[in-house]
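Comments concern the structure below.
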Number of protein chains: 2
Amino acid sequence: MSSIREVARLAGVSVATVSRTLKTPEVVSPATREKVHAAVEAAGYRPNLTAIQFRSQRTRNLVVLVPKIANTFFARVISGIQQAAQACHYGVLLCNTHGDEQIEAQYAQLVSSRQADGVIQLRAFDPFLEGASATLPMVNVCEVLDAPPCPTATLDNRAAAREMTEHLIACGHRRIAMIKGPRRSPLTRDRLLGYRDALAAAGIDFDESLLLPGDFTPPSGYAAAQRLLTLPVRPSAIFCESDEMAIGALQCLREAGIDVPGEMSLAGFDDIEFARFCAPPLTTIAQPAEAFGEAAVEMLIALIEQRPLEIEHRVLPHRLVVRESTASPVAQQGGSPLGVI
Amino acid sequence: MSSIREVARLAGVSVATVSRTLKTPEVVSPATREKVHAAVEAAGYRPNLTAIQFRSQRTRNLVVLVPKIANTFFARVISGIQQAAQACHYGVLLCNTHGDEQIEAQYAQLVSSRQADGVIQLRAFDPFLEGASATLPMVNVCEVLDAPPCPTATLDNRAAAREMTEHLIACGHRRIAMIKGPRRSPLTRDRLLGYRDALAAAGIDFDESLLLPGDFTPPSGYAAAQRLLTLPVRPSAIFCESDEMAIGALQCLREAGIDVPGEMSLAGFDDIEFARFCAPPLTTIAQPAEAFGEAAVEMLIALIEQRPLEIEHRVLPHRLVVRESTASPVAQQGGSPLGVI
DNA sequence: CTGAAAGCGCTAACAC
DNA sequence: GTGTTAGCGCTTTCAG
């Protein structure tokens, strides 16, 4: 493992000159530059990154705190983060937190231990955030924070939920159930607001019994759908706060022999890859997963490099994607087989 | 940012004693240990990881090279890696290579630059591997390498494909198509071997026209299924080398009005989360994704810490999961609606 | 059991 | 333009 010293010896120059040739070649004469490069080659020199990091107090690493790596949506965000970081010559240190705050805090310490220059958080409710963000560069994306102690990028969840609800109302539905995320999540609360906005605008009474909690996973969607089917007056449409829950709900409806969208319209949220491969393809709200990752990296690096942020809290665009899982409840009498086969 | 020196001053001991208290407490007297711990507390001391890494020539970081982070299967493997690494106090540096060998080589250099202690590769065909693995700790999982230059963990792909084919034959199928992965992949070749083993054992002639190439994505499965439907004599079953391709194929069959499994049996590979939520739920081969990650970490850390490996090339267990997408071609006359709704 | 001191590989003043 | 030199924070001999 040849060091800069070995290269200097080979090139017949000082270590400082080697360092300069590598870092700021313009201040070195072309002739010495040549010599140094030749020596680098000859020595098979590879700079020791740990020494550079140690010396420069910069690691060019970002830590990413994610509740569940294997989640289809998060995986796309991570992919976007990795992509953007790589372009800026930053590395990505990945941490699966399982929503465990202790693990989160522990990993965030990597930054105070100078193993990383900043952290990207993909979730909300963080006591540790409040204290930590004061001292270390941090951003939060995808989730909603009520009093964000750091820059954020989110969706306009209220508007998105309103649009979806309006779409269902426009189809002719008036009894629209909602399978929700965890109760205490601000994100879920915002979406409820949008749902109620749309209801109110259409003069439809809000019915609390049509609200079921879930945890964004298929099994929770399945369970919620089951409960909805036991209601004295069934809804004619179900709006799920994640495609995964919608997929679980779809399974339940299929097993119960209920045709979608013939007898029940179903909508999701996220537009994961499999949404278009459902039977029937799922109406949903597309979230710009990779763009969340890019925004996170962009903002975090600005923070790290002490550049001012133009926008502290970004709102990324969503898009209502209408596929075949939602239709008019009138058509539900006919029950087009096209929706099922 | 208080350093070890500050702690030493506060505790009234030397820096060496502080270092020892932190690293090898057993060689320090209980009394001094107390004093040091108190001083650490008082100073709010956080060890500087970059200094430790630099000094000790160990980073406790693993780099993971993955072709596509957002792939459902890889995401699970990554999750397993992260989990296992965390348990061993190692960090995970994630790199999306897009199968680009230049990027892979560049990232592998992180190790020679001592930014990481070893690399986990999740794919095959790597010219750089041959040279690199000689010098740096590296393992390869999930993929198949013909002349592995490093420890590996794989499936017995031949046996798995044989089992699935046998299952289809046992159902009564004799014309079984296969939608395959990229041609040059050894993994895909092994699975073809297993497919032919089963065919031969059942006395069924091999028909090359039933083999279609794909790239593991849903669109490629869709396209391949389309081509199969134009065949003069259609197969009665399709075996896809990934669930994602099966999902694409299922979409195609649905659009063509072909009932699964009534008119066509369909099988996948991987057992991704959505396989059981397909309509009908997909028969597939379950791969132990997280276990691949754990095996990778275990072997790599052994390599790094120069402990001998009991097994150089591990074969992880697979499992045939029979769901509703495969059935007897005899039953295909009746076409149970339960399969579709 | 503890302290003094010598670096790990690199950068950045500061001289020349 | 280039060389000399003093560390960055920590570990680790080597003495005591």
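In the structure tokens, chains take letters A, B, ... by order of appearance, with residues numbered from 1 within each chain and ligands from 1 in the order shown.
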* Show which residues sit within 7 Å of Arg60 in chain B, as a PyMOL selection string. Count only C-alpha atoms (C1' of nucleotides), and ignore same-chain residues fewer than 5 positions away. => chain B and resi 90-91+116-117
Give me the chain B side of the contact with chain C, cut-off 9 Å, one line per residue showing its nearest atom pair and distance in Å at one decimal, counting only C-alpha atoms (C1' of nucleotides), sorted by chain and residue number, as a Markdown table.
```
| residue | atom | partner | partner_atom | distance |
| --- | --- | --- | --- | --- |
| B:Val13 | CA | C:DT2 | C1' | 8.3 |
| B:Ser14 | CA | C:DG3 | C1' | 6.1 |
| B:Val15 | CA | C:DG3 | C1' | 8.6 |
| B:Ala16 | CA | C:DG3 | C1' | 7.4 |
| B:Thr17 | CA | C:DT2 | C1' | 6.8 |
| B:Val27 | CA | C:DC1 | C1' | 7.3 |
| B:Val28 | CA | C:DC1 | C1' | 6.5 |
| B:Ser29 | CA | C:DC1 | C1' | 6.7 |
| B:Phe54 | CA | C:DC8 | C1' | 6.7 |
| B:Arg55 | CA | C:DC8 | C1' | 5.2 |
| B:Ser56 | CA | C:DC8 | C1' | 8.0 |
| B:Gln57 | CA | C:DC8 | C1' | 8.3 |
```
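Here CA of Leu136 in chain B is placed at a distance of 25.7 Å from CA of Ser19 in chain A.
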* To do: Run DSSP on the backbone and grab whatever in range 96-290 of chain A lands in strand (DSSP E); send it over as a ChimeraX atom specification.
  => /A:96,118-121,138-141,152-155,176-180,211-213,237-240,265-267,284-286
Mind writing the picked residues with N, CA and C atoms as a PDB file, in the first residue's frame?
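Final file, again38.pdb:
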```
ATOM      1  N   ASN A  96     -31.601   0.453   8.207  1.00  0.00           N
ATOM      2  CA  ASN A  96     -32.975   0.007   8.349  1.00  0.00           C
ATOM      3  C   ASN A  96     -33.356   0.199   9.815  1.00  0.00           C
ATOM      4  N   GLY A 118     -24.203  13.986   6.917  1.00  0.00           N
ATOM      5  CA  GLY A 118     -25.584  14.404   7.095  1.00  0.00           C
ATOM      6  C   GLY A 118     -26.512  13.212   7.061  1.00  0.00           C
ATOM      7  N   VAL A 119     -27.765  13.434   7.432  1.00  0.00           N
ATOM      8  CA  VAL A 119     -28.708  12.313   7.405  1.00  0.00           C
ATOM      9  C   VAL A 119     -30.008  12.653   6.697  1.00  0.00           C
ATOM     10  N   ILE A 120     -30.498  11.633   6.002  1.00  0.00           N
ATOM     11  CA  ILE A 120     -31.784  11.727   5.329  1.00  0.00           C
ATOM     12  C   ILE A 120     -32.740  10.795   6.066  1.00  0.00           C
ATOM     13  N   GLN A 121     -33.860  11.367   6.470  1.00  0.00           N
ATOM     14  CA  GLN A 121     -34.851  10.597   7.214  1.00  0.00           C
ATOM     15  C   GLN A 121     -36.052  10.344   6.324  1.00  0.00           C
ATOM     16  N   MET A 138     -29.580  17.660   8.316  1.00  0.00           N
ATOM     17  CA  MET A 138     -30.589  16.616   8.208  1.00  0.00           C
ATOM     18  C   MET A 138     -31.743  17.104   7.358  1.00  0.00           C
ATOM     19  N   VAL A 139     -32.312  16.196   6.598  1.00  0.00           N
ATOM     20  CA  VAL A 139     -33.532  16.510   5.866  1.00  0.00           C
ATOM     21  C   VAL A 139     -34.509  15.363   6.058  1.00  0.00           C
ATOM     22  N   ASN A 140     -35.770  15.659   5.817  1.00  0.00           N
ATOM     23  CA  ASN A 140     -36.804  14.648   5.966  1.00  0.00           C
ATOM     24  C   ASN A 140     -37.633  14.644   4.694  1.00  0.00           C
ATOM     25  N   VAL A 141     -37.818  13.456   4.099  1.00  0.00           N
ATOM     26  CA  VAL A 141     -38.646  13.408   2.900  1.00  0.00           C
ATOM     27  C   VAL A 141     -39.717  12.340   2.998  1.00  0.00           C
ATOM     28  N   THR A 152     -37.631  19.820   4.318  1.00  0.00           N
ATOM     29  CA  THR A 152     -38.441  18.647   3.980  1.00  0.00           C
ATOM     30  C   THR A 152     -38.853  18.666   2.503  1.00  0.00           C
ATOM     31  N   ALA A 153     -39.226  17.513   2.036  1.00  0.00           N
ATOM     32  CA  ALA A 153     -39.890  17.413   0.736  1.00  0.00           C
ATOM     33  C   ALA A 153     -41.064  16.466   0.937  1.00  0.00           C
ATOM     34  N   THR A 154     -42.229  16.952   0.623  1.00  0.00           N
ATOM     35  CA  THR A 154     -43.420  16.120   0.801  1.00  0.00           C
ATOM     36  C   THR A 154     -44.350  16.291  -0.376  1.00  0.00           C
ATOM     37  N   LEU A 155     -45.434  15.541  -0.298  1.00  0.00           N
ATOM     38  CA  LEU A 155     -46.517  15.675  -1.245  1.00  0.00           C
ATOM     39  C   LEU A 155     -47.526  16.625  -0.623  1.00  0.00           C
ATOM     40  N   ILE A 176     -68.112   6.367   0.350  1.00  0.00           N
ATOM     41  CA  ILE A 176     -66.713   6.062   0.038  1.00  0.00           C
ATOM     42  C   ILE A 176     -65.944   5.758   1.318  1.00  0.00           C
ATOM     43  N   ALA A 177     -65.469   4.527   1.423  1.00  0.00           N
ATOM     44  CA  ALA A 177     -64.694   4.160   2.610  1.00  0.00           C
ATOM     45  C   ALA A 177     -63.236   4.553   2.414  1.00  0.00           C
ATOM     46  N   MET A 178     -62.518   4.666   3.522  1.00  0.00           N
ATOM     47  CA  MET A 178     -61.104   5.000   3.431  1.00  0.00           C
ATOM     48  C   MET A 178     -60.328   4.051   4.354  1.00  0.00           C
ATOM     49  N   ILE A 179     -59.364   3.358   3.778  1.00  0.00           N
ATOM     50  CA  ILE A 179     -58.488   2.521   4.598  1.00  0.00           C
ATOM     51  C   ILE A 179     -57.213   3.330   4.821  1.00  0.00           C
ATOM     52  N   LYS A 180     -56.974   3.634   6.073  1.00  0.00           N
ATOM     53  CA  LYS A 180     -55.990   4.649   6.416  1.00  0.00           C
ATOM     54  C   LYS A 180     -54.667   4.099   6.944  1.00  0.00           C
ATOM     55  N   LEU A 211     -64.259   4.801   8.020  1.00  0.00           N
ATOM     56  CA  LEU A 211     -62.814   4.979   8.179  1.00  0.00           C
ATOM     57  C   LEU A 211     -62.222   3.778   8.904  1.00  0.00           C
ATOM     58  N   LEU A 212     -61.294   3.092   8.263  1.00  0.00           N
ATOM     59  CA  LEU A 212     -60.658   1.933   8.894  1.00  0.00           C
ATOM     60  C   LEU A 212     -59.154   2.173   8.977  1.00  0.00           C
ATOM     61  N   PRO A 213     -58.557   1.795  10.095  1.00  0.00           N
ATOM     62  CA  PRO A 213     -57.113   1.986  10.200  1.00  0.00           C
ATOM     63  C   PRO A 213     -56.349   0.837   9.539  1.00  0.00           C
ATOM     64  N   ALA A 237     -67.302   2.299  -2.803  1.00  0.00           N
ATOM     65  CA  ALA A 237     -65.918   2.539  -3.216  1.00  0.00           C
ATOM     66  C   ALA A 237     -65.015   2.531  -1.987  1.00  0.00           C
ATOM     67  N   ILE A 238     -63.780   2.069  -2.196  1.00  0.00           N
ATOM     68  CA  ILE A 238     -62.793   2.067  -1.113  1.00  0.00           C
ATOM     69  C   ILE A 238     -61.536   2.784  -1.594  1.00  0.00           C
ATOM     70  N   PHE A 239     -61.117   3.738  -0.799  1.00  0.00           N
ATOM     71  CA  PHE A 239     -59.903   4.495  -1.109  1.00  0.00           C
ATOM     72  C   PHE A 239     -58.854   4.074  -0.079  1.00  0.00           C
ATOM     73  N   CYS A 240     -57.779   3.426  -0.543  1.00  0.00           N
ATOM     74  CA  CYS A 240     -56.729   2.975   0.363  1.00  0.00           C
ATOM     75  C   CYS A 240     -55.568   3.949   0.335  1.00  0.00           C
ATOM     76  N   SER A 265     -65.703  -0.076  -6.310  1.00  0.00           N
ATOM     77  CA  SER A 265     -64.535   0.608  -6.860  1.00  0.00           C
ATOM     78  C   SER A 265     -63.430   0.578  -5.813  1.00  0.00           C
ATOM     79  N   LEU A 266     -62.198   0.567  -6.277  1.00  0.00           N
ATOM     80  CA  LEU A 266     -61.067   0.478  -5.355  1.00  0.00           C
ATOM     81  C   LEU A 266     -59.946   1.380  -5.847  1.00  0.00           C
ATOM     82  N   ALA A 267     -59.404   2.182  -4.936  1.00  0.00           N
ATOM     83  CA  ALA A 267     -58.307   3.072  -5.326  1.00  0.00           C
ATOM     84  C   ALA A 267     -57.161   2.946  -4.338  1.00  0.00           C
ATOM     85  N   THR A 284     -54.866   5.061  -8.833  1.00  0.00           N
ATOM     86  CA  THR A 284     -54.017   5.422  -7.695  1.00  0.00           C
ATOM     87  C   THR A 284     -53.473   6.842  -7.839  1.00  0.00           C
ATOM     88  N   ILE A 285     -52.732   7.268  -6.838  1.00  0.00           N
ATOM     89  CA  ILE A 285     -52.047   8.560  -6.903  1.00  0.00           C
ATOM     90  C   ILE A 285     -50.554   8.268  -7.063  1.00  0.00           C
ATOM     91  N   ALA A 286     -49.974   8.762  -8.136  1.00  0.00           N
ATOM     92  CA  ALA A 286     -48.546   8.528  -8.357  1.00  0.00           C
ATOM     93  C   ALA A 286     -47.721   9.503  -7.529  1.00  0.00           C
TER      94      ALA A 286
END
```
* Find the residues of chain D in contact range of chain A, meaning any atom within 8 Å when counting only C-alpha atoms (C1' of nucleotides), and list them as an MDAnalysis selection string. => chainID D and resid 1:3 8
* Distance filter 7 Å, only C-alpha atoms, chain A against chain B, as a PyMOL selection string -> chain A and resi 46-51+53-54+69-70+72+75-76+79+82+91-96+113-115+247-248+251+254+257+277-279+340-341
Restricted to N, CA and C atoms, what would the selected residues look like written as a compact mmCIF listing (two decimals), in the first residue's frame?
```txt
# COMPACT_ATOMS: atom_id res chain seq x y z
N ARG A 46 -3.01 4.47 -4.55
CA ARG A 46 -4.43 4.73 -4.35
C ARG A 46 -4.55 5.58 -3.09
N PRO A 47 -5.10 6.76 -3.22
CA PRO A 47 -5.21 7.60 -2.02
C PRO A 47 -5.98 6.89 -0.91
N ASN A 48 -5.57 7.09 0.28
CA ASN A 48 -6.25 6.48 1.43
C ASN A 48 -7.41 7.39 1.85
N LEU A 49 -8.61 6.94 1.51
CA LEU A 49 -9.79 7.76 1.78
C LEU A 49 -9.96 8.06 3.26
N THR A 50 -9.65 7.10 4.10
CA THR A 50 -9.86 7.36 5.53
C THR A 50 -8.95 8.49 6.00
N ALA A 51 -7.76 8.54 5.45
CA ALA A 51 -6.85 9.62 5.82
C ALA A 51 -7.40 10.96 5.34
N GLN A 53 -10.53 11.69 4.72
CA GLN A 53 -11.72 12.03 5.50
C GLN A 53 -11.32 12.57 6.86
N PHE A 54 -10.37 11.90 7.45
CA PHE A 54 -9.91 12.29 8.77
C PHE A 54 -9.34 13.70 8.73
N ILE A 69 -36.46 -1.13 4.28
CA ILE A 69 -35.80 -1.08 2.99
C ILE A 69 -36.60 -1.79 1.92
N ALA A 70 -37.16 -2.95 2.29
CA ALA A 70 -37.79 -3.80 1.28
C ALA A 70 -39.15 -3.28 0.81
N THR A 72 -41.61 -1.45 -1.33
CA THR A 72 -41.47 -1.08 -2.75
C THR A 72 -41.26 0.42 -2.96
N ALA A 75 -37.86 1.61 -1.47
CA ALA A 75 -36.76 1.12 -2.30
C ALA A 75 -36.53 2.07 -3.48
N ARG A 76 -37.62 2.60 -4.03
CA ARG A 76 -37.46 3.55 -5.14
C ARG A 76 -36.86 4.86 -4.66
N SER A 79 -33.27 4.35 -4.18
CA SER A 79 -32.63 4.30 -5.48
C SER A 79 -32.36 5.72 -5.98
N GLN A 82 -29.47 7.24 -3.93
CA GLN A 82 -28.19 6.67 -4.32
C GLN A 82 -27.70 7.29 -5.63
N GLY A 91 -21.29 9.07 -0.91
CA GLY A 91 -21.66 7.68 -0.69
C GLY A 91 -22.93 7.62 0.14
N VAL A 92 -23.57 6.47 0.15
CA VAL A 92 -24.82 6.29 0.88
C VAL A 92 -24.67 5.17 1.90
N LEU A 93 -24.86 5.52 3.15
CA LEU A 93 -24.81 4.57 4.24
C LEU A 93 -26.24 4.24 4.62
N LEU A 94 -26.62 3.00 4.40
CA LEU A 94 -28.03 2.65 4.54
C LEU A 94 -28.36 2.03 5.89
N CYS A 95 -29.44 2.51 6.50
CA CYS A 95 -29.83 1.99 7.81
C CYS A 95 -31.31 1.68 7.85
N ASN A 96 -31.60 0.45 8.21
CA ASN A 96 -32.98 0.01 8.35
C ASN A 96 -33.36 0.20 9.82
N SER A 113 -20.38 11.31 15.07
CA SER A 113 -19.08 10.64 15.13
C SER A 113 -18.30 10.88 13.85
N ARG A 114 -18.84 11.71 13.02
CA ARG A 114 -18.17 12.11 11.78
C ARG A 114 -17.91 10.97 10.81
N GLN A 115 -18.82 10.02 10.82
CA GLN A 115 -18.73 8.93 9.84
C GLN A 115 -19.53 9.33 8.60
N ILE A 247 -54.01 -3.70 -2.60
CA ILE A 247 -53.79 -5.05 -3.12
C ILE A 247 -54.33 -6.09 -2.13
N GLY A 248 -54.14 -5.83 -0.86
CA GLY A 248 -54.70 -6.72 0.16
C GLY A 248 -56.23 -6.68 0.13
N GLN A 251 -57.63 -8.57 -2.80
CA GLN A 251 -57.60 -10.02 -2.53
C GLN A 251 -58.85 -10.42 -1.75
N ARG A 254 -61.90 -10.23 -3.94
CA ARG A 254 -61.89 -11.34 -4.89
C ARG A 254 -62.40 -12.61 -4.23
N GLY A 257 -65.92 -12.80 -3.76
CA GLY A 257 -66.70 -12.84 -4.99
C GLY A 257 -67.29 -11.50 -5.38
N PHE A 277 -50.36 -3.82 -12.74
CA PHE A 277 -50.48 -5.25 -13.05
C PHE A 277 -51.54 -5.95 -12.21
N CYS A 278 -52.25 -5.18 -11.42
CA CYS A 278 -53.33 -5.77 -10.65
C CYS A 278 -54.47 -6.15 -11.60
N ALA A 279 -55.38 -6.97 -11.08
CA ALA A 279 -56.56 -7.32 -11.85
C ALA A 279 -57.77 -6.86 -11.07
N VAL A 340 -62.89 -7.98 -14.72
CA VAL A 340 -62.49 -9.13 -13.90
C VAL A 340 -61.51 -10.05 -14.60
N ILE A 341 -61.82 -10.30 -15.84
CA ILE A 341 -61.02 -11.31 -16.54
C ILE A 341 -59.56 -10.89 -16.66
```
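One finds CA of Asp146 in chain A at 17.0 Å from CA of Ile311 in chain A.
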